[in-house]
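Here the structure is laid out as structure tokens; the discussion comes afterwards.
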Amino acid sequence: MSGASVLVVDDEPQIQRVLRPSLTASGYEVIEAATGREALAAISAKAPDLIILDLGLPDMDGKEVLRKLRLITRTPVIVLSARDRESEKIAALDLGADDYVEKPFAMGELLARMRTALRHSQDTATAESECVVANGLVVNLYKRSVAKNGAPVKLTPKEFELLAFLARHAGRPLTHREILKAVWGPAHQDDSQYLRVFIGQLRAKIEENPATPTIIVTEPGVGYRFIEFE
């Protein structure tokens with residue numbers, strides 16, 4: 001989204017030197033912060049449209065910054081970090097991050113993730129009245145209907161609820177716990193095998209080839225991502 005303001009929270013000068021010109025050339029206004037405290041102050045003072053957050057900050061852990069900022073804003077957050085452990089990704093996503101990009105990263109991929117996060121942030125208010133389209137699949141969230149290549153797809157109420165939750169967050173990696181808590185409730189947030197069964201049932205009904213899914217893809221060790229096609 002050209003013209004959007006982006007807060008880059010990272011204490012590595014080389015990362016700032018790479019990101020500022022690239023983001024500026026892509027039409028973004030860049031705000032910089034090198035510490036968690038600077039980041040929280042910038043969020044309150046300047047209300048950026050998107051936040052790129054490093055987890056390894058000098059004054060506090062990036063996950064703590066994420067926890068604190070989620071108390072005051074729903075601004076989309078893309079975590080950018082050299083920490084490649086699955087537990088770190090899951091923790092950041094469970095705390096409210098919208099996506100996770102590992103260092104070293106390709107600038108093109110980061111820009112694509114940013115566009116997705118900004119688009120869905122912009123569409124949140126009207127999401128219930130929209131259709132989500134993915135590779136021949138049309139999910140009508142308002143009418144609670146699903147069609148594949150023009151033909152109706154019959155889903156159970158719980159299958160639709162699961163698909164609708166994934167579709168509402170299209171493009172964003174969702175953790176097993178996040179999905180289970182939203183669709184089945186807190187008592188089932190650790191029932192990962194239960195979720196895998198339902199994902200398998202959904203894939204059998206909506207994917208061209210359930211063995212190589214292109215709509216509901218697996219985020220290894222993390223959860224699932226619904227891939228939206230414009």
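Naming works like this for the structure tokens: A, B, ... for the chains as they're shown, residue 1 at the start of each chain, ligands 1 onward in shown order.
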Contacts of Arg196 in chain A at 10 Å (only C-alpha atoms; same-chain gap of 6+ positions) as a ChimeraX atom specification: /A:176,202,223-224
Write out as a PDB file with all heavy atoms, in the first residue's frame which residues come within 9 Å of Ile216 in chain A when counting only C-alpha atoms, dropping same-chain ones fewer than 4 positions away.
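result-v5.pdb was written with the following content:
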```
ATOM      1  N   LEU A 163     -12.774 -23.331   8.103  1.00  0.00           N
ATOM      2  CA  LEU A 163     -12.384 -22.725   6.830  1.00  0.00           C
ATOM      3  C   LEU A 163     -12.554 -21.208   6.877  1.00  0.00           C
ATOM      4  O   LEU A 163     -11.693 -20.463   6.395  1.00  0.00           O
ATOM      5  CB  LEU A 163     -13.222 -23.312   5.691  1.00  0.00           C
ATOM      6  CG  LEU A 163     -12.925 -22.764   4.295  1.00  0.00           C
ATOM      7  CD1 LEU A 163     -11.490 -23.074   3.869  1.00  0.00           C
ATOM      8  CD2 LEU A 163     -13.910 -23.350   3.274  1.00  0.00           C
ATOM      9  N   LEU A 166      -9.695 -19.572   8.806  1.00  0.00           N
ATOM     10  CA  LEU A 166      -8.488 -19.544   7.988  1.00  0.00           C
ATOM     11  C   LEU A 166      -8.595 -18.480   6.897  1.00  0.00           C
ATOM     12  O   LEU A 166      -7.654 -17.733   6.635  1.00  0.00           O
ATOM     13  CB  LEU A 166      -8.249 -20.917   7.362  1.00  0.00           C
ATOM     14  CG  LEU A 166      -7.930 -22.071   8.321  1.00  0.00           C
ATOM     15  CD1 LEU A 166      -7.994 -23.404   7.585  1.00  0.00           C
ATOM     16  CD2 LEU A 166      -6.561 -21.889   8.949  1.00  0.00           C
ATOM     17  N   ILE A 199      -8.370 -30.621   9.157  1.00  0.00           N
ATOM     18  CA  ILE A 199      -7.680 -30.046   8.004  1.00  0.00           C
ATOM     19  C   ILE A 199      -7.668 -31.051   6.859  1.00  0.00           C
ATOM     20  O   ILE A 199      -7.887 -30.692   5.686  1.00  0.00           O
ATOM     21  CB  ILE A 199      -6.237 -29.630   8.377  1.00  0.00           C
ATOM     22  CG1 ILE A 199      -6.235 -28.430   9.324  1.00  0.00           C
ATOM     23  CG2 ILE A 199      -5.419 -29.326   7.118  1.00  0.00           C
ATOM     24  CD1 ILE A 199      -6.697 -27.123   8.718  1.00  0.00           C
ATOM     25  N   LEU A 202     -11.076 -31.067   5.263  1.00  0.00           N
ATOM     26  CA  LEU A 202     -11.281 -29.872   4.443  1.00  0.00           C
ATOM     27  C   LEU A 202     -10.521 -29.978   3.126  1.00  0.00           C
ATOM     28  O   LEU A 202     -11.063 -29.678   2.056  1.00  0.00           O
ATOM     29  CB  LEU A 202     -10.808 -28.628   5.191  1.00  0.00           C
ATOM     30  CG  LEU A 202     -11.816 -27.826   5.992  1.00  0.00           C
ATOM     31  CD1 LEU A 202     -11.143 -26.595   6.588  1.00  0.00           C
ATOM     32  CD2 LEU A 202     -13.000 -27.406   5.135  1.00  0.00           C
ATOM     33  N   ARG A 203      -9.269 -30.396   3.206  1.00  0.00           N
ATOM     34  CA  ARG A 203      -8.462 -30.513   1.992  1.00  0.00           C
ATOM     35  C   ARG A 203      -9.085 -31.484   1.005  1.00  0.00           C
ATOM     36  O   ARG A 203      -9.038 -31.274  -0.212  1.00  0.00           O
ATOM     37  CB  ARG A 203      -7.039 -30.943   2.348  1.00  0.00           C
ATOM     38  CG  ARG A 203      -6.184 -29.829   2.934  1.00  0.00           C
ATOM     39  CD  ARG A 203      -4.864 -30.352   3.457  1.00  0.00           C
ATOM     40  NE  ARG A 203      -3.928 -29.268   3.779  1.00  0.00           N
ATOM     41  CZ  ARG A 203      -2.811 -29.434   4.465  1.00  0.00           C
ATOM     42  NH1 ARG A 203      -2.470 -30.639   4.917  1.00  0.00           N
ATOM     43  NH2 ARG A 203      -2.024 -28.405   4.719  1.00  0.00           N
ATOM     44  N   GLU A 207      -9.383 -29.011  -2.135  1.00  0.00           N
ATOM     45  CA  GLU A 207      -8.128 -28.989  -2.886  1.00  0.00           C
ATOM     46  C   GLU A 207      -8.236 -29.818  -4.162  1.00  0.00           C
ATOM     47  O   GLU A 207      -8.924 -30.843  -4.197  1.00  0.00           O
ATOM     48  CB  GLU A 207      -6.972 -29.545  -2.032  1.00  0.00           C
ATOM     49  CG  GLU A 207      -6.680 -28.755  -0.762  1.00  0.00           C
ATOM     50  CD  GLU A 207      -5.840 -27.518  -1.019  1.00  0.00           C
ATOM     51  OE1 GLU A 207      -5.551 -27.219  -2.194  1.00  0.00           O
ATOM     52  OE2 GLU A 207      -5.460 -26.863  -0.025  1.00  0.00           O
ATOM     53  N   TYR A 224      -0.879 -23.525  10.028  1.00  0.00           N
ATOM     54  CA  TYR A 224      -1.348 -23.508   8.644  1.00  0.00           C
ATOM     55  C   TYR A 224      -1.500 -22.078   8.147  1.00  0.00           C
ATOM     56  O   TYR A 224      -1.649 -21.131   8.912  1.00  0.00           O
ATOM     57  CB  TYR A 224      -2.709 -24.221   8.542  1.00  0.00           C
ATOM     58  CG  TYR A 224      -2.650 -25.661   8.998  1.00  0.00           C
ATOM     59  CD1 TYR A 224      -3.030 -26.010  10.285  1.00  0.00           C
ATOM     60  CD2 TYR A 224      -2.197 -26.660   8.134  1.00  0.00           C
ATOM     61  CE1 TYR A 224      -2.957 -27.333  10.716  1.00  0.00           C
ATOM     62  CE2 TYR A 224      -2.120 -27.982   8.557  1.00  0.00           C
ATOM     63  CZ  TYR A 224      -2.511 -28.310   9.847  1.00  0.00           C
ATOM     64  OH  TYR A 224      -2.431 -29.614  10.277  1.00  0.00           O
ATOM     65  N   ARG A 225      -1.465 -21.952   6.808  1.00  0.00           N
ATOM     66  CA  ARG A 225      -1.661 -20.660   6.151  1.00  0.00           C
ATOM     67  C   ARG A 225      -2.626 -20.848   5.001  1.00  0.00           C
ATOM     68  O   ARG A 225      -2.450 -21.741   4.161  1.00  0.00           O
ATOM     69  CB  ARG A 225      -0.326 -20.104   5.632  1.00  0.00           C
ATOM     70  CG  ARG A 225      -0.406 -18.661   5.115  1.00  0.00           C
ATOM     71  CD  ARG A 225       0.835 -18.281   4.304  1.00  0.00           C
ATOM     72  NE  ARG A 225       2.068 -18.350   5.071  1.00  0.00           N
ATOM     73  CZ  ARG A 225       2.705 -17.288   5.577  1.00  0.00           C
ATOM     74  NH1 ARG A 225       2.211 -16.091   5.410  1.00  0.00           N
ATOM     75  NH2 ARG A 225       3.835 -17.445   6.233  1.00  0.00           N
ATOM     76  N   PHE A 226      -3.665 -20.017   4.933  1.00  0.00           N
ATOM     77  CA  PHE A 226      -4.611 -20.024   3.823  1.00  0.00           C
ATOM     78  C   PHE A 226      -4.042 -19.111   2.747  1.00  0.00           C
ATOM     79  O   PHE A 226      -3.764 -17.933   2.990  1.00  0.00           O
ATOM     80  CB  PHE A 226      -5.970 -19.522   4.296  1.00  0.00           C
ATOM     81  CG  PHE A 226      -7.074 -19.591   3.262  1.00  0.00           C
ATOM     82  CD1 PHE A 226      -8.009 -20.612   3.288  1.00  0.00           C
ATOM     83  CD2 PHE A 226      -7.199 -18.604   2.289  1.00  0.00           C
ATOM     84  CE1 PHE A 226      -9.035 -20.667   2.354  1.00  0.00           C
ATOM     85  CE2 PHE A 226      -8.217 -18.648   1.348  1.00  0.00           C
ATOM     86  CZ  PHE A 226      -9.138 -19.680   1.386  1.00  0.00           C
ATOM     87  N   ILE A 227      -3.841 -19.656   1.540  1.00  0.00           N
ATOM     88  CA  ILE A 227      -3.238 -18.897   0.446  1.00  0.00           C
ATOM     89  C   ILE A 227      -4.332 -18.293  -0.419  1.00  0.00           C
ATOM     90  O   ILE A 227      -5.086 -18.995  -1.078  1.00  0.00           O
ATOM     91  CB  ILE A 227      -2.322 -19.792  -0.428  1.00  0.00           C
ATOM     92  CG1 ILE A 227      -1.236 -20.430   0.439  1.00  0.00           C
ATOM     93  CG2 ILE A 227      -1.710 -18.968  -1.559  1.00  0.00           C
ATOM     94  CD1 ILE A 227      -0.287 -19.448   1.095  1.00  0.00           C
TER      95      ILE A 227
END
```
Among the residues A:Asp190, A:Asp59, A:Glu228, A:Asp10, the one that comes closest to Arg168 in chain A [using only C-alpha atoms]: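 Going through A:Asp190, A:Asp59, A:Glu228, A:Asp10 one by one, the smallest distance to Arg168 in chain A is for A:Glu228.
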Spatial neighbours of Phe105 in chain A, max dist 12 Å, only C-alpha atoms, sep filter under 2 positions, as a list in words: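 That gives Ile15, Val18, Leu19, Val79, Leu80, Ser81, Ala82, Tyr100, Val101, Glu102, Lys103, Met107, Gly108, Glu109, Leu110, Leu111 and Arg113 of chain A.
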Those of range 12-223 of chain A in DSSP helix (DSSP H, G or I), formatted as a VMD selection string: chain A and resid 13 to 25 36 to 46 62 to 69 86 to 94 107 to 129 157 to 168 176 to 184 186 to 188 192 to 206
Residues within 10 Å of range 141-158 of chain A, only C-alpha atoms, excluding chain neighbours under 4 positions, as a VMD selection string: chain A and resid 127 to 137 162 to 165 167 to 168 183 to 184 198 201 to 202 205 to 208
Surrounding residues of Asp99 in chain A excluding itself and chain neighbours under 3 positions, 10 Å, only C-alpha atoms, as a list of chain:residue names: A:Ile52, A:Pro76, A:Val77, A:Ile78, A:Val79, A:Leu80, A:Lys89, A:Ala92, A:Leu93, A:Gly96, A:Leu110, A:Arg113, A:Met114, A:Thr116, A:Ala117, A:Gly171, A:Arg172, A:Pro173, A:Leu174
Save the residues we just selected, N, CA, C and O atoms, as a CSV table (one decimal), in the first residue's frame?
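Output below, filename selection24.csv:
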```
chain,number,residue,atom,x,y,z
A,52,ILE,N,7.6,-3.6,11.6
A,52,ILE,CA,8.6,-4.7,11.3
A,52,ILE,C,9.4,-4.7,12.6
A,52,ILE,O,10.1,-3.8,13.0
A,76,PRO,N,-0.7,-4.2,12.1
A,76,PRO,CA,-0.1,-5.4,11.7
A,76,PRO,C,1.4,-5.4,12.0
A,76,PRO,O,2.1,-4.4,11.8
A,77,VAL,N,1.9,-6.6,12.5
A,77,VAL,CA,3.3,-6.7,12.9
A,77,VAL,C,3.9,-7.9,12.1
A,77,VAL,O,3.4,-9.0,12.2
A,78,ILE,N,5.1,-7.6,11.5
A,78,ILE,CA,5.8,-8.7,10.9
A,78,ILE,C,7.1,-8.8,11.7
A,78,ILE,O,7.9,-7.9,11.8
A,79,VAL,N,7.3,-10.0,12.3
A,79,VAL,CA,8.5,-10.2,13.0
A,79,VAL,C,9.6,-10.6,12.1
A,79,VAL,O,9.5,-11.4,11.2
A,80,LEU,N,10.8,-9.9,12.2
A,80,LEU,CA,12.0,-10.1,11.4
A,80,LEU,C,13.1,-10.5,12.4
A,80,LEU,O,13.5,-9.7,13.2
A,89,LYS,N,8.9,-18.8,16.6
A,89,LYS,CA,7.8,-18.4,15.7
A,89,LYS,C,6.5,-18.5,16.3
A,89,LYS,O,5.6,-17.6,16.2
A,92,ALA,N,5.8,-15.8,19.0
A,92,ALA,CA,5.5,-14.5,18.4
A,92,ALA,C,4.1,-14.5,17.7
A,92,ALA,O,3.4,-13.5,17.9
A,93,LEU,N,3.7,-15.5,17.0
A,93,LEU,CA,2.4,-15.6,16.4
A,93,LEU,C,1.3,-15.6,17.4
A,93,LEU,O,0.3,-15.0,17.3
A,96,GLY,N,0.4,-12.4,18.8
A,96,GLY,CA,-0.3,-11.4,17.9
A,96,GLY,C,0.4,-11.0,16.7
A,96,GLY,O,-0.1,-10.1,16.0
A,110,LEU,N,9.8,-10.0,1.7
A,110,LEU,CA,9.3,-9.1,2.8
A,110,LEU,C,8.3,-8.1,2.3
A,110,LEU,O,7.3,-7.9,2.9
A,113,ARG,N,5.0,-9.9,1.8
A,113,ARG,CA,4.3,-10.1,3.1
A,113,ARG,C,3.7,-8.8,3.7
A,113,ARG,O,2.7,-8.8,4.3
A,114,MET,N,4.4,-7.7,3.5
A,114,MET,CA,4.0,-6.4,3.9
A,114,MET,C,2.7,-6.0,3.2
A,114,MET,O,1.7,-5.6,3.9
A,116,THR,N,0.5,-8.0,1.9
A,116,THR,CA,-0.6,-8.9,2.4
A,116,THR,C,-1.1,-8.4,3.8
A,116,THR,O,-2.3,-8.3,4.0
A,117,ALA,N,-0.2,-8.1,4.7
A,117,ALA,CA,-0.6,-7.7,6.0
A,117,ALA,C,-1.4,-6.4,6.0
A,117,ALA,O,-2.4,-6.2,6.7
A,171,GLY,N,-3.3,-15.5,4.1
A,171,GLY,CA,-1.9,-14.9,3.9
A,171,GLY,C,-1.1,-14.9,5.2
A,171,GLY,O,0.1,-14.7,5.2
A,172,ARG,N,-1.8,-15.1,6.3
A,172,ARG,CA,-1.1,-15.1,7.6
A,172,ARG,C,-0.9,-16.5,8.2
A,172,ARG,O,-1.8,-17.3,8.2
A,173,PRO,N,0.3,-16.8,8.7
A,173,PRO,CA,0.5,-18.1,9.3
A,173,PRO,C,-0.3,-18.1,10.7
A,173,PRO,O,-0.2,-17.2,11.5
A,174,LEU,N,-1.0,-19.2,10.9
A,174,LEU,CA,-1.8,-19.3,12.1
A,174,LEU,C,-1.3,-20.6,12.9
A,174,LEU,O,-1.1,-21.6,12.3
```
Residue nearest Ala112 in chain A - candidates A:Thr212, A:Thr218, A:Gln14, A:Ser26, atoms counted: only C-alpha atoms: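 Answer, going by the shortest atom-to-atom distance: A:Ser26.
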Can you tell me, as a PDB file with C-alpha atoms, in the first residue's frame, which residues in range 7-223 of chain A count as strand (DSSP E) by DSSP?
```pdb
ATOM      1  CA  LEU A   7       8.043   1.411  11.823  1.00  0.00           C
ATOM      2  CA  VAL A   8      11.265  -0.620  11.593  1.00  0.00           C
ATOM      3  CA  VAL A   9      12.362  -1.811  15.047  1.00  0.00           C
ATOM      4  CA  GLU A  29       7.367   6.286   4.837  1.00  0.00           C
ATOM      5  CA  VAL A  30       9.995   4.794   7.172  1.00  0.00           C
ATOM      6  CA  ILE A  31      10.166   5.376  10.926  1.00  0.00           C
ATOM      7  CA  GLU A  32      13.092   3.823  12.824  1.00  0.00           C
ATOM      8  CA  ALA A  33      13.555   2.594  16.394  1.00  0.00           C
ATOM      9  CA  LEU A  50       2.777  -1.474   9.810  1.00  0.00           C
ATOM     10  CA  ILE A  51       5.508  -2.582  12.223  1.00  0.00           C
ATOM     11  CA  ILE A  52       8.586  -4.663  11.338  1.00  0.00           C
ATOM     12  CA  LEU A  53       9.899  -5.982  14.634  1.00  0.00           C
ATOM     13  CA  VAL A  77       3.309  -6.700  12.870  1.00  0.00           C
ATOM     14  CA  ILE A  78       5.842  -8.677  10.851  1.00  0.00           C
ATOM     15  CA  VAL A  79       8.514 -10.223  13.038  1.00  0.00           C
ATOM     16  CA  LEU A  80      11.959 -10.116  11.416  1.00  0.00           C
ATOM     17  CA  SER A  81      14.511 -12.189  13.279  1.00  0.00           C
ATOM     18  CA  ASP A  99       3.757 -12.923  10.019  1.00  0.00           C
ATOM     19  CA  TYR A 100       7.336 -14.045  10.566  1.00  0.00           C
ATOM     20  CA  VAL A 101      10.300 -13.556   8.213  1.00  0.00           C
ATOM     21  CA  GLU A 102      13.696 -15.046   9.030  1.00  0.00           C
ATOM     22  CA  CYS A 131     -15.764 -13.321  -0.545  1.00  0.00           C
ATOM     23  CA  VAL A 132     -12.328 -14.846  -0.225  1.00  0.00           C
ATOM     24  CA  VAL A 133     -11.074 -16.419  -3.450  1.00  0.00           C
ATOM     25  CA  ALA A 134      -8.328 -19.034  -3.650  1.00  0.00           C
ATOM     26  CA  LEU A 137     -12.474 -21.754  -4.317  1.00  0.00           C
ATOM     27  CA  VAL A 138     -14.915 -19.015  -3.274  1.00  0.00           C
ATOM     28  CA  VAL A 139     -15.699 -18.655   0.429  1.00  0.00           C
ATOM     29  CA  ASN A 140     -18.622 -16.324   1.068  1.00  0.00           C
ATOM     30  CA  SER A 145     -21.399 -20.698   1.453  1.00  0.00           C
ATOM     31  CA  VAL A 146     -18.491 -22.344  -0.360  1.00  0.00           C
ATOM     32  CA  ALA A 147     -18.063 -23.132  -4.051  1.00  0.00           C
ATOM     33  CA  LYS A 148     -15.254 -24.828  -5.959  1.00  0.00           C
ATOM     34  CA  ALA A 151     -19.984 -26.044  -7.863  1.00  0.00           C
ATOM     35  CA  PRO A 152     -21.282 -25.884  -4.267  1.00  0.00           C
ATOM     36  CA  LEU A 174      -1.808 -19.337  12.142  1.00  0.00           C
ATOM     37  CA  THR A 175      -0.585 -21.563  14.958  1.00  0.00           C
ATOM     38  CA  ILE A 216      -4.474 -24.597   3.019  1.00  0.00           C
ATOM     39  CA  VAL A 217      -0.714 -25.066   3.238  1.00  0.00           C
ATOM     40  CA  THR A 218       1.256 -26.353   6.204  1.00  0.00           C
ATOM     41  CA  GLU A 219       3.638 -24.086   8.091  1.00  0.00           C
ATOM     42  CA  GLY A 223       0.371 -24.422  11.907  1.00  0.00           C
TER      43      GLY A 223
END
```
Atomic distance CA of Gln122 in chain A - CA of Tyr28 in chain A, expressed in Å with one decimal: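 So the answer is 15.8 Å.
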Point-to-point distance in Å for CA of Val6 in chain A and CA of Met60 in chain A: 20.7 Å
7 Å contact set for Arg67 in chain A, only C-alpha atoms, chain neighbours under 4 positions out, as a ChimeraX atom specification: /A:63,71,95
Separation of CA of Ile90 in chain A from CA of Thr214 in chain A in Å: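 Pair CA of Thr214 in chain A / CA of Ile90 in chain A returns 22.1 Å.
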Asp49 in chain A environment, 7 Å, only C-alpha atoms, sequence neighbours closer than 5 positions dropped, as a PyMOL selection string: chain A and resi 4-6+75
